[in-house]
Amino acid sequence: MALTTDPVALNQWYAVASLPVSPHVTRLLGQEIEISAGANGPVVRRSDTGAVLATRQKWGLVFATFGTPATELFDIAEAHESDRRFVPCGWVTMRASGLRVVENFLDMAHFPFVHTDILGSEPHTEVPRYDSEIRRDVDEVWATNCTFFQTRIAATESAGDFVRLTYRVPTPFTVMLYRVCPSAPDRLDAIALFIQPMEEALCRAIPLMWLVDDRSAQTELLRFEQVIFLQDRIIVENQRPLCLPLEPRRETPTRADSSSIAYRRWLKEKGLRFGTTGAA
C-alpha cells in the first residue's frame, strides 16, 4: 500500500515511537518510515524518498506528520501534576482500523461481556443514559455524565461500585478516559490511547496513564491495563468490516452508542476517509 492521499489523515499528528528511540522501520498511513536518533533528537523520514517528517516529543512519545496540522498537539492537564504516576503500557498491534479501536474504547456496553469481573459483570449490563457532544470551540468529541457498574474500579481496588466516567476524543486517532480516583475522590485518573494507523486495517496503539496511586507496584498497574487491552484486541480484530463504516444505516446504533454516533458524525464532517469503508 502507498501513502494515502487523504488530506485529513495526512494533516494529523501521530504517535510513532517511544522515547528513547532505537533505529527501526515501521509504517504510517500506508507509507514505510524510518526512525532513528539524531544529534538534535529523533528523526523520522520516508523510506522511499528520504524526506524528513516534522516531529514533536511529548509524553515520552515521538509524534510525526506527513502534512501540516492546523494545531499543535493537544494538552493533557493531568500530565503537568508532579504527584501523578506516569505509566506507559506498551505498544499493541491490531489487525483493524485505528478508528475501530477508538470506537471500542468509547463503548461501555461490552464491559460485562468482554472484561468480565474486571470492568463489569452480569447482571449489571445496562448503560445508563449519558451526554455526548461535539465541542466546536475545541473541535473534540466528549461523552460526559457516564456511569457504569465496574467489578474492579482500579488496580488498587477489589470491590465493585458504580463509577463516573468521562470520555474525550481530541483527534480522530486518539481517545481519553477520565475516571474518579478511588484514593482521591476529588481528582480524576487520566488514561490516553494513542494510535499509529499503519494501514487501512492495521494499527499499533499505546495506552498511557496518569494516576494518583502511590500504592500499586508498576508491574501490577501494567498487568491490569494490558489484560484489558488484550481482551479488547480479540473483539476489535473480529469486527466486520475491519474499517469503520460512516454510511448511515450500515450499522444500527442503540442508545448506549451515543458517543459512537457523535464520533462518526464528527469524522464524516471532517471528510476523513483513511480507515473507513469509504476509503476506496
# chains A, B, ... in the order shown; residues from 1 in each chain; ligands from 1
$ select_by_dssp --residues "range 17-135 of chain A" --states "strand (DSSP E)" --output "number ranges by chain"
A: 17-18, 24-28, 31-38, 41-46, 54-58, 61-65, 85-88, 92-94, 131-135
$ residues_around --residues "range 174-181 of chain A" --least-positions-apart "3" --cutoff "6 Å" --atoms "only C-alpha atoms" --output "MDAnalysis selection string"
chainID A and resid 165:169 171 184:185 187:194
$ write_last_selection --atoms "all heavy atoms" --output "short mmCIF file (atom, residue, chain, number, x, y, z; two decimals), in the first residue's frame"
data_model
loop_
_atom_site.label_atom_id
_atom_site.label_comp_id
_atom_site.auth_asym_id
_atom_site.auth_seq_id
_atom_site.Cartn_x
_atom_site.Cartn_y
_atom_site.Cartn_z
N LEU A 165 -17.56 8.20 34.63
CA LEU A 165 -16.54 8.24 33.59
C LEU A 165 -16.79 9.41 32.65
O LEU A 165 -17.94 9.78 32.41
CB LEU A 165 -16.54 6.93 32.79
CG LEU A 165 -16.49 5.61 33.58
CD1 LEU A 165 -16.76 4.43 32.66
CD2 LEU A 165 -15.15 5.46 34.26
N THR A 166 -15.72 9.94 32.10
CA THR A 166 -15.80 10.97 31.06
C THR A 166 -14.86 10.57 29.93
O THR A 166 -13.72 10.18 30.18
CB THR A 166 -15.40 12.35 31.61
OG1 THR A 166 -16.32 12.74 32.63
CG2 THR A 166 -15.42 13.40 30.51
N TYR A 167 -15.35 10.66 28.71
CA TYR A 167 -14.55 10.31 27.54
C TYR A 167 -14.27 11.55 26.70
O TYR A 167 -15.13 12.44 26.56
CB TYR A 167 -15.27 9.27 26.67
CG TYR A 167 -15.38 7.91 27.32
CD1 TYR A 167 -16.48 7.59 28.10
CD2 TYR A 167 -14.40 6.95 27.13
CE1 TYR A 167 -16.60 6.33 28.70
CE2 TYR A 167 -14.50 5.69 27.71
CZ TYR A 167 -15.60 5.39 28.49
OH TYR A 167 -15.71 4.15 29.08
N ARG A 168 -13.09 11.58 26.11
CA ARG A 168 -12.67 12.72 25.28
C ARG A 168 -11.96 12.19 24.04
O ARG A 168 -11.08 11.33 24.15
CB ARG A 168 -11.72 13.61 26.08
CG ARG A 168 -11.06 14.74 25.31
CD ARG A 168 -9.94 15.36 26.14
NE ARG A 168 -9.31 16.48 25.48
CZ ARG A 168 -8.17 17.05 25.87
NH1 ARG A 168 -7.55 16.58 26.95
NH2 ARG A 168 -7.66 18.06 25.21
N VAL A 169 -12.34 12.69 22.87
CA VAL A 169 -11.67 12.33 21.62
C VAL A 169 -11.08 13.61 21.03
O VAL A 169 -11.76 14.37 20.34
CB VAL A 169 -12.63 11.67 20.62
CG1 VAL A 169 -11.86 11.18 19.39
CG2 VAL A 169 -13.38 10.51 21.26
N THR A 171 -8.46 13.91 18.82
CA THR A 171 -8.10 13.75 17.40
C THR A 171 -8.75 12.46 16.91
O THR A 171 -9.11 11.60 17.72
CB THR A 171 -6.57 13.67 17.18
OG1 THR A 171 -6.11 12.34 17.47
CG2 THR A 171 -5.82 14.68 18.03
N ALA A 184 -8.41 9.30 45.88
CA ALA A 184 -8.56 10.77 45.94
C ALA A 184 -9.82 11.14 45.18
O ALA A 184 -9.76 11.53 44.02
CB ALA A 184 -7.33 11.45 45.34
N PRO A 185 -10.99 11.00 45.82
CA PRO A 185 -12.27 11.16 45.13
C PRO A 185 -12.50 12.53 44.49
O PRO A 185 -13.39 12.68 43.66
CB PRO A 185 -13.30 10.91 46.25
CG PRO A 185 -12.57 10.08 47.25
CD PRO A 185 -11.16 10.56 47.21
N ARG A 187 -10.28 13.94 42.62
CA ARG A 187 -9.41 14.02 41.45
C ARG A 187 -9.76 12.91 40.46
O ARG A 187 -10.42 11.92 40.81
CB ARG A 187 -7.94 13.91 41.87
CG ARG A 187 -7.53 14.97 42.88
CD ARG A 187 -6.10 14.80 43.33
NE ARG A 187 -5.16 15.14 42.26
CZ ARG A 187 -3.83 15.01 42.38
NH1 ARG A 187 -3.34 14.49 43.50
NH2 ARG A 187 -3.02 15.35 41.41
N LEU A 188 -9.28 13.06 39.23
CA LEU A 188 -9.57 12.10 38.18
C LEU A 188 -8.28 11.46 37.67
O LEU A 188 -7.31 12.17 37.40
CB LEU A 188 -10.28 12.77 37.00
CG LEU A 188 -11.61 13.47 37.28
CD1 LEU A 188 -12.13 14.15 36.02
CD2 LEU A 188 -12.64 12.47 37.81
N ASP A 189 -8.29 10.14 37.54
CA ASP A 189 -7.22 9.48 36.80
C ASP A 189 -7.43 9.76 35.32
O ASP A 189 -8.57 9.89 34.86
CB ASP A 189 -7.25 7.97 37.04
CG ASP A 189 -6.71 7.57 38.41
OD1 ASP A 189 -5.90 8.34 38.96
OD2 ASP A 189 -7.10 6.51 38.92
N ALA A 190 -6.34 9.84 34.56
CA ALA A 190 -6.42 10.10 33.13
C ALA A 190 -5.72 8.98 32.37
O ALA A 190 -4.59 8.63 32.67
CB ALA A 190 -5.78 11.44 32.79
N ILE A 191 -6.43 8.42 31.40
CA ILE A 191 -5.89 7.34 30.56
C ILE A 191 -6.04 7.77 29.11
O ILE A 191 -7.14 8.11 28.66
CB ILE A 191 -6.62 6.01 30.80
CG1 ILE A 191 -6.52 5.61 32.27
CG2 ILE A 191 -6.05 4.92 29.91
CD1 ILE A 191 -7.40 4.44 32.64
N ALA A 192 -4.93 7.78 28.37
CA ALA A 192 -4.96 8.16 26.96
C ALA A 192 -4.55 6.97 26.10
O ALA A 192 -3.71 6.16 26.50
CB ALA A 192 -4.03 9.33 26.70
N LEU A 193 -5.17 6.87 24.93
CA LEU A 193 -4.82 5.82 23.97
C LEU A 193 -4.42 6.49 22.66
O LEU A 193 -5.24 7.14 22.01
CB LEU A 193 -5.99 4.87 23.75
CG LEU A 193 -5.72 3.68 22.83
CD1 LEU A 193 -4.70 2.74 23.47
CD2 LEU A 193 -7.01 2.92 22.53
N PHE A 194 -3.13 6.37 22.31
CA PHE A 194 -2.61 6.95 21.08
C PHE A 194 -2.45 5.84 20.04
O PHE A 194 -1.87 4.79 20.32
CB PHE A 194 -1.25 7.61 21.33
CG PHE A 194 -1.33 8.81 22.22
CD1 PHE A 194 -1.11 8.70 23.59
CD2 PHE A 194 -1.64 10.06 21.70
CE1 PHE A 194 -1.19 9.80 24.42
CE2 PHE A 194 -1.72 11.17 22.53
CZ PHE A 194 -1.50 11.05 23.89
#
$ residues_around --residues "Arg46 in chain A" --least-positions-apart "5" --cutoff "7 Å" --atoms "only C-alpha atoms" --output "number ranges by chain"
A: 32-34, 51-52
$ write_last_selection --atoms "all heavy atoms" --output "PDB file, in the first residue's frame"
ATOM      1  N   GLU A  32       6.049   3.329   4.404  1.00  0.00           N
ATOM      2  CA  GLU A  32       7.134   2.895   5.271  1.00  0.00           C
ATOM      3  C   GLU A  32       7.950   4.103   5.716  1.00  0.00           C
ATOM      4  O   GLU A  32       8.301   4.972   4.908  1.00  0.00           O
ATOM      5  CB  GLU A  32       8.032   1.903   4.548  1.00  0.00           C
ATOM      6  CG  GLU A  32       9.141   1.326   5.432  1.00  0.00           C
ATOM      7  CD  GLU A  32       9.983   0.297   4.707  1.00  0.00           C
ATOM      8  OE1 GLU A  32       9.557  -0.879   4.667  1.00  0.00           O
ATOM      9  OE2 GLU A  32      11.061   0.680   4.186  1.00  0.00           O
ATOM     10  N   ILE A  33       8.250   4.170   7.034  1.00  0.00           N
ATOM     11  CA  ILE A  33       9.064   5.245   7.576  1.00  0.00           C
ATOM     12  C   ILE A  33      10.192   4.660   8.404  1.00  0.00           C
ATOM     13  O   ILE A  33      10.094   3.548   8.925  1.00  0.00           O
ATOM     14  CB  ILE A  33       8.226   6.230   8.437  1.00  0.00           C
ATOM     15  CG1 ILE A  33       7.545   5.490   9.600  1.00  0.00           C
ATOM     16  CG2 ILE A  33       7.217   6.967   7.582  1.00  0.00           C
ATOM     17  CD1 ILE A  33       6.803   6.410  10.572  1.00  0.00           C
ATOM     18  N   GLU A  34      11.291   5.432   8.501  1.00  0.00           N
ATOM     19  CA  GLU A  34      12.455   5.017   9.278  1.00  0.00           C
ATOM     20  C   GLU A  34      12.633   5.975  10.454  1.00  0.00           C
ATOM     21  O   GLU A  34      12.577   7.194  10.275  1.00  0.00           O
ATOM     22  CB  GLU A  34      13.706   5.022   8.394  1.00  0.00           C
ATOM     23  CG  GLU A  34      13.592   4.081   7.206  1.00  0.00           C
ATOM     24  CD  GLU A  34      14.737   4.256   6.217  1.00  0.00           C
ATOM     25  OE1 GLU A  34      15.611   5.125   6.472  1.00  0.00           O
ATOM     26  OE2 GLU A  34      14.761   3.540   5.200  1.00  0.00           O
ATOM     27  N   ALA A  51      12.641  11.887   2.605  1.00  0.00           N
ATOM     28  CA  ALA A  51      12.144  13.158   3.132  1.00  0.00           C
ATOM     29  C   ALA A  51      11.935  13.064   4.635  1.00  0.00           C
ATOM     30  O   ALA A  51      11.376  12.087   5.138  1.00  0.00           O
ATOM     31  CB  ALA A  51      10.840  13.537   2.433  1.00  0.00           C
ATOM     32  N   VAL A  52      12.386  14.088   5.365  1.00  0.00           N
ATOM     33  CA  VAL A  52      12.275  14.115   6.818  1.00  0.00           C
ATOM     34  C   VAL A  52      10.921  14.696   7.213  1.00  0.00           C
ATOM     35  O   VAL A  52      10.501  15.736   6.693  1.00  0.00           O
ATOM     36  CB  VAL A  52      13.409  14.945   7.446  1.00  0.00           C
ATOM     37  CG1 VAL A  52      13.228  15.054   8.965  1.00  0.00           C
ATOM     38  CG2 VAL A  52      14.757  14.318   7.123  1.00  0.00           C
TER      39      VAL A  52
END
$ residues_around --residues "range 77-91 of chain A" --least-positions-apart "2" --cutoff "12 Å" --atoms "only C-alpha atoms" --output "JSON, numbers by chain"
{"A": [15, 16, 17, 18, 19, 58, 59, 60, 61, 74, 75, 93, 94, 176, 177, 178, 181, 184, 187, 188, 189, 190, 191, 192, 193, 194, 195, 196, 203, 204, 205, 206, 207, 208, 209, 210, 211, 212, 213, 214, 215, 216, 217, 218, 219, 220, 221, 222, 223, 224, 225, 226, 227, 228, 229, 230]}
$ select_by_dssp --residues "range 3-116 of chain A" --states "alpha helix (DSSP H)" --output "number ranges by chain"
A: 7-10, 98-106, 111-114
$ atom_distance --atom1 "CA of Trp13 in chain A" --atom2 "CA of Thr65 in chain A"
5.1 Å
$ closest_residue --among "A:Val141, A:Ile234, A:Val8, A:Ile76" --to "Lys270 in chain A" --atoms "only C-alpha atoms"
A:Val8
$ atom_distance --atom1 "CA of Arg95 in chain A" --atom2 "CA of Gln231 in chain A"
13.9 Å
$ atom_distance --atom1 "CA of Phe66 in chain A" --atom2 "CA of Pro172 in chain A"
15.6 Å
$ residues_around --residues "range 68-73 of chain A" --least-positions-apart "6" --cutoff "10 Å" --atoms "only C-alpha atoms" --output "mmCIF file with C-alpha atoms, in the first residue's frame"
data_model
loop_
_atom_site.group_PDB
_atom_site.id
_atom_site.type_symbol
_atom_site.label_atom_id
_atom_site.label_comp_id
_atom_site.auth_asym_id
_atom_site.auth_seq_id
_atom_site.Cartn_x
_atom_site.Cartn_y
_atom_site.Cartn_z
ATOM 1 C CA PRO A 7 -5.608 15.221 3.274
ATOM 2 C CA VAL A 8 -7.494 14.925 6.570
ATOM 3 C CA ALA A 9 -5.393 11.934 7.596
ATOM 4 C CA LEU A 10 -2.154 13.469 6.344
ATOM 5 C CA ASN A 11 -2.618 16.657 8.394
ATOM 6 C CA GLN A 12 -2.646 14.961 11.817
ATOM 7 C CA TRP A 13 -0.006 14.249 14.455
ATOM 8 C CA TYR A 14 0.580 10.533 15.123
ATOM 9 C CA ALA A 54 8.001 17.146 11.081
ATOM 10 C CA ARG A 56 7.246 16.546 18.172
ATOM 11 C CA GLN A 57 8.227 14.951 21.501
ATOM 12 C CA LYS A 58 5.645 14.790 24.255
ATOM 13 C CA PRO A 170 -9.192 15.128 20.802
ATOM 14 C CA THR A 171 -8.103 13.751 17.402
#
$ residues_around --residues "Leu29 in chain A" --least-positions-apart "4" --cutoff "7 Å" --atoms "only C-alpha atoms" --output "list in words"
Leu3, Thr4, Pro197, Met198 and Glu199 of chain A
$ write_last_selection --atoms "all heavy atoms" --output "CSV table (one decimal), in the first residue's frame"
chain,number,residue,atom,x,y,z
A,3,LEU,N,1.3,5.6,0.4
A,3,LEU,CA,0.9,6.6,1.3
A,3,LEU,C,-0.5,7.1,0.8
A,3,LEU,O,-0.8,7.4,-0.3
A,3,LEU,CB,1.9,7.8,1.3
A,3,LEU,CG,1.5,9.0,2.1
A,3,LEU,CD1,1.5,8.7,3.6
A,3,LEU,CD2,2.5,10.2,1.8
A,4,THR,N,-1.4,7.3,1.8
A,4,THR,CA,-2.8,7.7,1.5
A,4,THR,C,-2.7,9.1,0.9
A,4,THR,O,-1.8,9.9,1.1
A,4,THR,CB,-3.6,7.7,2.7
A,4,THR,OG1,-5.0,8.1,2.4
A,4,THR,CG2,-3.1,8.7,3.8
A,197,PRO,N,-1.9,4.6,12.9
A,197,PRO,CA,-2.6,3.9,11.8
A,197,PRO,C,-1.5,3.5,10.8
A,197,PRO,O,-1.1,4.3,10.0
A,197,PRO,CB,-3.6,4.9,11.3
A,197,PRO,CG,-3.0,6.2,11.7
A,197,PRO,CD,-2.2,6.1,12.9
A,198,MET,N,-1.2,2.2,10.7
A,198,MET,CA,-0.1,1.8,9.8
A,198,MET,C,-0.7,1.6,8.4
A,198,MET,O,-0.1,2.0,7.4
A,198,MET,CB,0.5,0.5,10.4
A,198,MET,CG,1.0,0.6,11.8
A,198,MET,SD,1.4,-0.9,12.6
A,198,MET,CE,2.9,-1.4,11.7
A,199,GLU,N,-1.8,0.9,8.3
A,199,GLU,CA,-2.5,0.7,7.1
A,199,GLU,C,-4.0,0.9,7.4
A,199,GLU,O,-4.4,1.2,8.5
A,199,GLU,CB,-2.3,-0.8,6.6
A,199,GLU,CG,-0.9,-1.2,6.5
A,199,GLU,CD,-0.2,-0.7,5.2
A,199,GLU,OE1,-0.8,0.1,4.5
A,199,GLU,OE2,1.0,-1.0,5.1
